[in-house]
>>> print(open('start03.cif').read())   # mmCIF, C-alpha atoms
data_start
loop_
_atom_site.group_PDB
_atom_site.id
_atom_site.type_symbol
_atom_site.label_atom_id
_atom_site.label_comp_id
_atom_site.auth_asym_id
_atom_site.auth_seq_id
_atom_site.Cartn_x
_atom_site.Cartn_y
_atom_site.Cartn_z
ATOM 1 C CA GLN A 1 0.153 13.017 8.406
ATOM 2 C CA GLU A 2 0.256 14.550 11.885
ATOM 3 C CA ARG A 3 -3.533 14.264 12.174
ATOM 4 C CA ILE A 4 -3.438 10.671 10.936
ATOM 5 C CA ASP A 5 -0.778 9.798 13.531
ATOM 6 C CA LEU A 6 -2.898 11.442 16.249
ATOM 7 C CA LEU A 7 -5.972 9.428 15.244
ATOM 8 C CA ASN A 8 -3.906 6.228 15.140
ATOM 9 C CA ASP A 9 -2.638 6.933 18.668
ATOM 10 C CA LEU A 10 -6.235 7.288 19.810
ATOM 11 C CA GLY A 11 -7.066 3.921 18.294
ATOM 12 C CA PHE A 12 -9.292 5.321 15.535
ATOM 13 C CA THR A 13 -10.732 2.545 13.347
ATOM 14 C CA TRP A 14 -10.469 3.350 9.635
ATOM 15 C CA THR A 15 -12.725 0.477 8.577
ATOM 16 C CA ILE A 16 -15.937 -0.720 10.195
ATOM 17 C CA ARG A 17 -15.639 -4.230 11.612
ATOM 18 C CA SER A 18 -17.803 -6.482 13.701
ATOM 19 C CA ARG A 19 -17.049 -6.947 17.407
ATOM 20 C CA ASP A 20 -15.821 -10.493 16.696
ATOM 21 C CA SER A 21 -13.424 -9.370 13.989
ATOM 22 C CA LEU A 22 -12.009 -6.675 16.300
ATOM 23 C CA GLY A 23 -11.307 -9.315 18.924
ATOM 24 C CA GLU A 24 -9.625 -11.537 16.358
ATOM 25 C CA SER A 25 -7.507 -8.605 15.185
ATOM 26 C CA TRP A 26 -6.410 -7.866 18.757
ATOM 27 C CA ASN A 27 -5.444 -11.492 19.333
ATOM 28 C CA GLN A 28 -3.515 -11.537 16.075
ATOM 29 C CA ARG A 29 -1.507 -8.471 17.102
ATOM 30 C CA LEU A 30 -0.874 -10.043 20.511
ATOM 31 C CA GLU A 31 0.626 -13.093 18.794
ATOM 32 C CA GLU A 32 2.789 -10.808 16.665
ATOM 33 C CA LEU A 33 3.937 -9.035 19.825
ATOM 34 C CA LYS A 34 4.893 -12.416 21.327
ATOM 35 C CA GLN A 35 6.934 -13.158 18.213
ATOM 36 C CA TYR A 36 8.601 -9.745 18.491
ATOM 37 C CA LYS A 37 9.566 -10.452 22.116
ATOM 38 C CA ASP A 38 10.906 -13.897 21.212
ATOM 39 C CA ARG A 39 13.103 -12.250 18.614
ATOM 40 C CA TYR A 40 14.211 -9.045 20.363
ATOM 41 C CA GLY A 41 13.764 -9.848 24.050
ATOM 42 C CA ASN A 42 11.339 -6.996 24.844
ATOM 43 C CA CYS A 43 7.960 -5.520 23.879
ATOM 44 C CA LEU A 44 9.292 -2.070 22.930
ATOM 45 C CA VAL A 45 8.115 -2.112 19.324
ATOM 46 C CA PRO A 46 9.003 1.151 17.491
ATOM 47 C CA SER A 47 5.909 3.115 16.466
ATOM 48 C CA ARG A 48 7.214 2.953 12.889
ATOM 49 C CA PHE A 49 8.408 -0.640 12.830
ATOM 50 C CA MET A 50 9.590 -1.249 9.274
ATOM 51 C CA GLU A 51 9.029 -4.998 9.392
ATOM 52 C CA ASN A 52 5.428 -4.735 10.675
ATOM 53 C CA PRO A 53 4.033 -1.154 10.637
ATOM 54 C CA GLU A 54 0.605 -2.247 11.919
ATOM 55 C CA LEU A 55 2.154 -3.795 15.041
ATOM 56 C CA GLY A 56 3.966 -0.535 15.811
ATOM 57 C CA ILE A 57 0.700 1.411 15.571
ATOM 58 C CA TRP A 58 -1.148 -1.203 17.631
ATOM 59 C CA VAL A 59 1.364 -1.062 20.487
ATOM 60 C CA GLY A 60 0.964 2.717 20.721
ATOM 61 C CA THR A 61 -2.809 2.303 20.651
ATOM 62 C CA GLN A 62 -2.684 -0.110 23.612
ATOM 63 C CA ARG A 63 -0.891 2.503 25.715
ATOM 64 C CA THR A 64 -3.485 5.119 24.790
ATOM 65 C CA GLN A 65 -6.373 2.729 25.492
ATOM 66 C CA TYR A 66 -4.798 1.823 28.848
ATOM 67 C CA ARG A 67 -4.649 5.494 29.869
ATOM 68 C CA LEU A 68 -8.290 5.971 28.895
ATOM 69 C CA TYR A 69 -9.248 2.835 30.829
ATOM 70 C CA GLN A 70 -7.501 4.043 33.973
ATOM 71 C CA GLN A 71 -9.075 7.499 33.660
ATOM 72 C CA ALA A 72 -12.543 5.963 33.254
ATOM 73 C CA LYS A 73 -12.051 3.848 36.384
ATOM 74 C CA GLN A 74 -11.035 6.905 38.397
ATOM 75 C CA THR A 75 -13.887 9.115 37.203
ATOM 76 C CA GLY A 76 -16.572 6.425 37.256
ATOM 77 C CA GLU A 77 -17.194 6.872 33.544
ATOM 78 C CA ARG A 78 -18.669 3.910 31.664
ATOM 79 C CA ILE A 79 -15.551 2.099 30.480
ATOM 80 C CA LEU A 80 -17.318 0.435 27.537
ATOM 81 C CA TYR A 81 -17.771 3.825 25.862
ATOM 82 C CA SER A 82 -14.298 5.070 26.745
ATOM 83 C CA THR A 83 -11.918 2.351 25.575
ATOM 84 C CA ALA A 84 -11.623 -1.181 24.207
ATOM 85 C CA MET A 85 -9.129 -2.024 26.959
ATOM 86 C CA ASN A 86 -10.168 -4.427 29.731
ATOM 87 C CA GLU A 87 -8.626 -6.336 32.643
ATOM 88 C CA ASP A 88 -8.120 -9.507 30.605
ATOM 89 C CA ARG A 89 -6.139 -7.661 27.927
ATOM 90 C CA ILE A 90 -4.108 -5.810 30.538
ATOM 91 C CA GLU A 91 -3.210 -9.125 32.176
ATOM 92 C CA GLN A 92 -2.177 -10.725 28.871
ATOM 93 C CA LEU A 93 0.038 -7.760 27.970
ATOM 94 C CA GLU A 94 1.632 -7.533 31.401
ATOM 95 C CA GLU A 95 2.449 -11.246 31.301
ATOM 96 C CA LEU A 96 4.620 -10.406 28.286
ATOM 97 C CA GLY A 97 6.338 -7.586 30.177
ATOM 98 C CA PHE A 98 4.541 -4.856 28.229
ATOM 99 C CA VAL A 99 5.649 -1.328 29.213
ATOM 100 C CA TRP A 100 2.692 1.030 29.636
ATOM 101 C CA ALA A 101 4.627 4.267 30.103
ATOM 102 C CA LEU A 102 7.772 4.926 28.106
ATOM 103 C CA ARG A 103 10.431 6.690 30.130
ATOM 104 C CA SER A 104 12.293 9.740 28.900
ATOM 105 C CA GLY A 105 15.977 10.517 29.166
ATOM 106 C CA THR A 106 19.120 8.503 28.562
ATOM 107 C CA ASP A 107 17.552 5.064 29.047
ATOM 108 C CA MET A 108 14.865 5.670 26.423
ATOM 109 C CA LYS A 109 17.415 7.098 23.992
ATOM 110 C CA TRP A 110 19.360 3.867 24.352
ATOM 111 C CA ARG A 111 16.185 1.839 23.871
ATOM 112 C CA ARG A 112 15.309 3.723 20.672
ATOM 113 C CA GLN A 113 18.767 3.045 19.261
ATOM 114 C CA ILE A 114 18.505 -0.638 20.168
ATOM 115 C CA ASN A 115 15.156 -0.813 18.383
ATOM 116 C CA ASP A 116 16.666 0.944 15.370
ATOM 117 C CA LEU A 117 19.514 -1.577 15.414
ATOM 118 C CA ALA A 118 16.992 -4.428 15.565
ATOM 119 C CA SER A 119 15.177 -2.952 12.548
ATOM 120 C CA PHE A 120 18.501 -2.617 10.703
ATOM 121 C CA ARG A 121 19.293 -6.261 11.444
ATOM 122 C CA ALA A 122 15.855 -7.412 10.313
ATOM 123 C CA HIS A 123 16.264 -5.524 7.035
ATOM 124 C CA HIS A 124 19.932 -6.245 6.223
ATOM 125 C CA GLY A 125 20.381 -9.625 7.901
ATOM 126 C CA HIS A 126 23.277 -8.442 10.104
ATOM 127 C CA SER A 127 24.154 -5.731 12.640
ATOM 128 C CA SER A 128 27.260 -4.290 11.014
ATOM 129 C CA VAL A 129 26.128 -0.659 10.910
ATOM 130 C CA PRO A 130 28.562 1.668 9.121
ATOM 131 C CA SER A 131 29.270 5.026 10.771
ATOM 132 C CA ASN A 132 28.128 6.761 7.576
ATOM 133 C CA TYR A 133 24.901 4.753 7.254
ATOM 134 C CA LYS A 134 22.679 6.802 4.950
ATOM 135 C CA GLY A 135 19.494 4.930 5.808
ATOM 136 C CA ASN A 136 19.607 6.292 9.361
ATOM 137 C CA PRO A 137 22.481 8.744 10.005
ATOM 138 C CA LYS A 138 21.776 8.906 13.755
ATOM 139 C CA LEU A 139 22.082 5.128 14.006
ATOM 140 C CA GLY A 140 25.409 5.290 12.156
ATOM 141 C CA GLU A 141 26.731 7.962 14.533
ATOM 142 C CA TRP A 142 25.531 5.950 17.534
ATOM 143 C CA ALA A 143 27.209 2.780 16.222
ATOM 144 C CA SER A 144 30.506 4.665 15.837
ATOM 145 C CA GLU A 145 30.259 6.181 19.341
ATOM 146 C CA THR A 146 29.352 2.788 20.818
ATOM 147 C CA ARG A 147 32.394 1.132 19.235
ATOM 148 C CA GLU A 148 34.610 3.900 20.584
ATOM 149 C CA ALA A 149 33.089 3.518 24.084
ATOM 150 C CA TYR A 150 33.685 -0.239 23.868
ATOM 151 C CA MET A 151 37.383 0.257 23.079
ATOM 152 C CA MET A 152 37.734 2.748 25.953
ATOM 153 C CA ARG A 153 35.952 0.320 28.268
ATOM 154 C CA ASN A 154 38.340 -2.476 27.345
ATOM 155 C CA ASN A 155 41.223 -0.134 28.138
ATOM 156 C CA GLY A 156 39.909 0.407 31.666
ATOM 157 C CA ALA A 157 38.037 3.689 31.154
ATOM 158 C CA ILE A 158 34.635 4.308 32.740
ATOM 159 C CA THR A 159 31.936 4.626 30.064
ATOM 160 C CA PRO A 160 28.105 4.454 29.954
ATOM 161 C CA LEU A 161 28.533 1.080 28.243
ATOM 162 C CA ASP A 162 27.930 -1.370 31.098
ATOM 163 C CA ASP A 163 27.860 -5.195 31.074
ATOM 164 C CA GLU A 164 24.100 -5.297 30.490
ATOM 165 C CA LYS A 165 24.321 -3.070 27.410
ATOM 166 C CA VAL A 166 27.249 -5.032 25.999
ATOM 167 C CA ALA A 167 25.284 -8.272 26.470
ATOM 168 C CA GLU A 168 22.256 -6.737 24.750
ATOM 169 C CA LEU A 169 24.381 -5.665 21.786
ATOM 170 C CA ASP A 170 26.041 -9.078 21.594
ATOM 171 C CA GLN A 171 22.599 -10.668 21.536
ATOM 172 C CA LEU A 172 21.827 -8.593 18.425
ATOM 173 C CA GLU A 173 25.227 -9.622 17.007
ATOM 174 C CA PHE A 174 26.388 -6.008 16.873
ATOM 175 C CA SER A 175 29.708 -5.695 15.032
ATOM 176 C CA TRP A 176 32.281 -4.043 17.289
ATOM 177 C CA ILE A 177 34.492 -3.507 14.244
ATOM 178 C CA GLU A 178 33.681 -0.755 11.750
ATOM 179 C CA PRO A 179 32.738 -2.174 8.317
ATOM 180 C CA THR A 180 35.262 -1.658 5.543
ATOM 181 C CA GLN A 181 34.595 1.072 3.003
ATOM 182 C CA GLU A 182 33.564 -1.558 0.457
ATOM 183 C CA GLU A 183 31.116 -3.120 2.912
ATOM 184 C CA ALA A 184 29.721 0.302 3.859
ATOM 185 C CA ASP A 185 29.218 1.213 0.193
ATOM 186 C CA ALA A 186 27.322 -2.036 -0.394
ATOM 187 C CA ILE A 187 25.023 -1.332 2.566
ATOM 188 C CA ASN A 188 24.460 2.281 1.548
ATOM 189 C CA ASN A 189 23.619 1.252 -2.006
ATOM 190 C CA GLU A 190 20.269 0.259 -0.543
ATOM 191 C CA VAL A 191 18.799 3.705 -0.028
ATOM 192 C CA THR A 192 16.354 4.120 2.846
ATOM 193 C CA ILE A 193 14.169 7.209 3.065
ATOM 194 C CA VAL A 194 13.923 8.121 6.729
ATOM 195 C CA THR A 195 11.269 9.826 8.842
ATOM 196 C CA THR A 196 11.538 11.315 12.301
ATOM 197 C CA ASP A 197 9.758 9.589 15.184
ATOM 198 C CA GLU A 198 10.161 11.398 18.507
ATOM 199 C CA GLY A 199 13.827 12.072 17.900
ATOM 200 C CA SER A 200 14.585 8.705 16.330
ATOM 201 C CA THR A 201 14.983 8.256 12.579
ATOM 202 C CA LEU A 202 13.525 5.060 11.212
ATOM 203 C CA GLY A 203 13.483 3.972 7.579
ATOM 204 C CA ASN A 204 9.960 3.282 6.386
ATOM 205 C CA MET A 205 10.405 3.338 2.620
ATOM 206 C CA VAL A 206 13.166 1.392 0.900
ATOM 207 C CA PHE A 207 14.449 1.772 -2.630
ATOM 208 C CA GLU A 208 16.672 -0.900 -4.122
ATOM 209 C CA VAL A 209 18.302 0.521 -7.230
ATOM 210 C CA SER A 210 20.206 -1.525 -9.768
ATOM 211 C CA HIS A 211 21.258 -1.105 -13.365
ATOM 212 C CA HIS A 212 22.297 -3.408 -16.169
ATOM 213 C CA THR A 213 22.920 -3.369 -19.906
ATOM 214 C CA ASP A 214 20.337 -4.834 -22.256
ATOM 215 C CA HIS A 215 20.950 -6.577 -25.583
ATOM 216 C CA THR A 216 21.261 -3.194 -27.314
ATOM 217 C CA ASP A 217 23.999 -2.080 -24.887
ATOM 218 C CA HIS A 218 21.706 0.566 -23.391
ATOM 219 C CA ASP A 219 21.758 1.103 -19.630
ATOM 220 C CA GLN A 220 18.589 -0.081 -17.928
ATOM 221 C CA ILE A 221 17.479 1.109 -14.491
ATOM 222 C CA SER A 222 15.492 -1.102 -12.127
ATOM 223 C CA VAL A 223 13.884 0.429 -9.068
ATOM 224 C CA SER A 224 12.153 -1.736 -6.476
ATOM 225 C CA VAL A 225 9.944 0.247 -4.100
ATOM 226 C CA THR A 226 8.756 -0.946 -0.693
ATOM 227 C CA GLY A 227 6.428 1.373 1.211
ATOM 228 C CA MET A 228 3.526 3.719 0.600
ATOM 229 C CA ALA A 229 3.358 7.327 -0.579
ATOM 230 C CA ASP A 230 1.375 9.470 -2.980
ATOM 231 C CA ALA A 231 2.380 9.570 -6.651
ATOM 232 C CA ALA A 232 4.254 12.894 -6.476
ATOM 233 C CA THR A 233 6.204 11.878 -3.375
ATOM 234 C CA THR A 234 7.043 8.476 -4.820
ATOM 235 C CA ALA A 235 8.350 10.022 -8.049
ATOM 236 C CA SER A 236 10.509 12.452 -6.095
ATOM 237 C CA LEU A 237 11.926 9.751 -3.826
ATOM 238 C CA ILE A 238 12.673 7.429 -6.745
ATOM 239 C CA GLN A 239 14.618 10.232 -8.405
ATOM 240 C CA GLU A 240 16.533 10.748 -5.164
ATOM 241 C CA ALA A 241 17.330 7.045 -4.997
ATOM 242 C CA ILE A 242 18.587 7.003 -8.581
ATOM 243 C CA THR A 243 20.690 10.125 -8.040
ATOM 244 C CA HIS A 244 22.149 8.635 -4.852
ATOM 245 C CA ALA A 245 23.127 5.467 -6.707
ATOM 246 C CA GLU A 246 24.903 7.659 -9.315
ATOM 247 C CA ILE A 247 23.385 5.812 -12.216
#
>>> encode(input="start03.cif", output="structure tokens")
Amino acid sequence: QERIDLLNDLGFTWTIRSRDSLGESWNQRLEELKQYKDRYGNCLVPSRFMENPELGIWVGTQRTQYRLYQQAKQTGERILYSTAMNEDRIEQLEELGFVWALRSGTDMKWRRQINDLASFRAHHGHSSVPSNYKGNPKLGEWASETREAYMMRNNGAITPLDDEKVAELDQLEFSWIEPTQEEADAINNEVTIVTTDEGSTLGNMVFEVSHHTDHTDHDQISVSVTGMADAATTASLIQEAITHAEI
């Protein structure tokens, strides 16, 4: 998987396409990026964006292609052979406010959590993250800490939670009140298998587990799988989902 991720970052093409089809694909992703910005207010698509995995990969590829383009310009190398990036594409991306270099430190940690919250909202239809959220434990901890910082802020204490961050959370309809235990259990009944992405856990495979009784009074188990994995991994994860649901 590490090698696959490395090739994706370099913009490796897994299928052979014509030059026209590559251009059409790029324009399609650009439109999807515009839709992402309209929805979330920025172009910081997570590399493992649950709602549109291909867009997450594409955004990372643009940053890599941009670096190669700049290097080729500096060294005098023939750009055509170095990268698919060009001035027209750079201009279109920059008009959207595309960020070429992701910053490290506190600001980027905040940005990753905001993106995780946006993914949570897209998946669940709300932003009421429980502190014990099993789909992304780090997001649950962050939500709890953010609520605590908000209470301290309202009581006059100085916290990292400034007006801009509060406004950004309000825009995502973040719930400043911790969900009830019943609400948290309902959310956690949808088990999300998480993967690590540069320090941020993002769910990329979702199991919805339910059970009912058939006409013979025997318990029936229904497992709906969203995502991709090999047969052995899928079987293992399904068993984990069923065990978690205590069926």
>>> atom_distance(input="start03.cif", atom1="atom CA of A:Asp162", atom2="atom CA of A:Asn115")
18.0 Å
>>> resolve_selection(input="start03.cif", expression="the PyMOL selection byres ((chain A and resi 169-182) around 8)", output="compact mmCIF listing (two decimals) with C-alpha atoms, keeping the file's coordinate frame")
# COMPACT_ATOMS: atom_id res chain seq x y z
CA TYR A 40 14.21 -9.04 20.36
CA ILE A 114 18.50 -0.64 20.17
CA LEU A 117 19.51 -1.58 15.41
CA ALA A 118 16.99 -4.43 15.56
CA ARG A 121 19.29 -6.26 11.44
CA HIS A 126 23.28 -8.44 10.10
CA SER A 127 24.15 -5.73 12.64
CA SER A 128 27.26 -4.29 11.01
CA VAL A 129 26.13 -0.66 10.91
CA PRO A 130 28.56 1.67 9.12
CA SER A 131 29.27 5.03 10.77
CA SER A 144 30.51 4.66 15.84
CA ARG A 147 32.39 1.13 19.24
CA TYR A 150 33.68 -0.24 23.87
CA LYS A 165 24.32 -3.07 27.41
CA VAL A 166 27.25 -5.03 26.00
CA ALA A 167 25.28 -8.27 26.47
CA GLU A 168 22.26 -6.74 24.75
CA GLU A 183 31.12 -3.12 2.91
CA ALA A 184 29.72 0.30 3.86
CA ASP A 185 29.22 1.21 0.19
CA ALA A 186 27.32 -2.04 -0.39
>>> closest_residue(input="start03.cif", among="A:Ser25, A:Gln92, A:Gln74, A:Asn42", to="A:Arg111", atoms="all atoms listed in the file")
A:Asn42
>>> atom_distance(input="start03.cif", atom1="atom CA of A:Glu87", atom2="atom CA of A:Leu55")
20.8 Å
>>> residues_around(input="start03.cif", residues="A:Ile57", least_positions_apart="2", cutoff="8 Å", atoms="only C-alpha atoms", output="VMD selection string")
chain A and resid 8 to 9 47 to 48 53 to 55 59 to 61
>>> atom_distance(input="start03.cif", atom1="atom CA of A:Met85", atom2="atom CA of A:Gln71")
11.6 Å
>>> closest_residue(input="start03.cif", among="A:Tyr36, A:Tyr133, A:Tyr66, A:Trp26", to="A:Ile90", atoms="only C-alpha atoms")
A:Tyr66
>>> residues_around(input="start03.cif", residues="A:Asn86", least_positions_apart="3", cutoff="10 Å", atoms="only C-alpha atoms", output="list in words")
Gln65, Tyr66, Tyr69, Gln70, Ile79, Leu80, Thr83, Arg89, Ile90 and Glu91 of chain A
>>> closest_residue(input="start03.cif", among="A:Leu96, A:Ala157, A:Ala122, A:Leu68", to="A:Asn52", atoms="all atoms listed in the file")
A:Ala122
>>> closest_residue(input="start03.cif", among="A:Cys43, A:Ala72, A:Ala143, A:Met152", to="A:Val99", atoms="all atoms listed in the file")
A:Cys43
>>> axis_aligned_box(input="start03.cif", around="stretch 183-189 of chain A", padding_each_side="4 Å", output="lines of an AutoDock Vina configuration file")
center_x = 27.4
center_y = -0.4
center_z = 0.9
size_x = 15.5
size_y = 13.4
size_z = 13.9
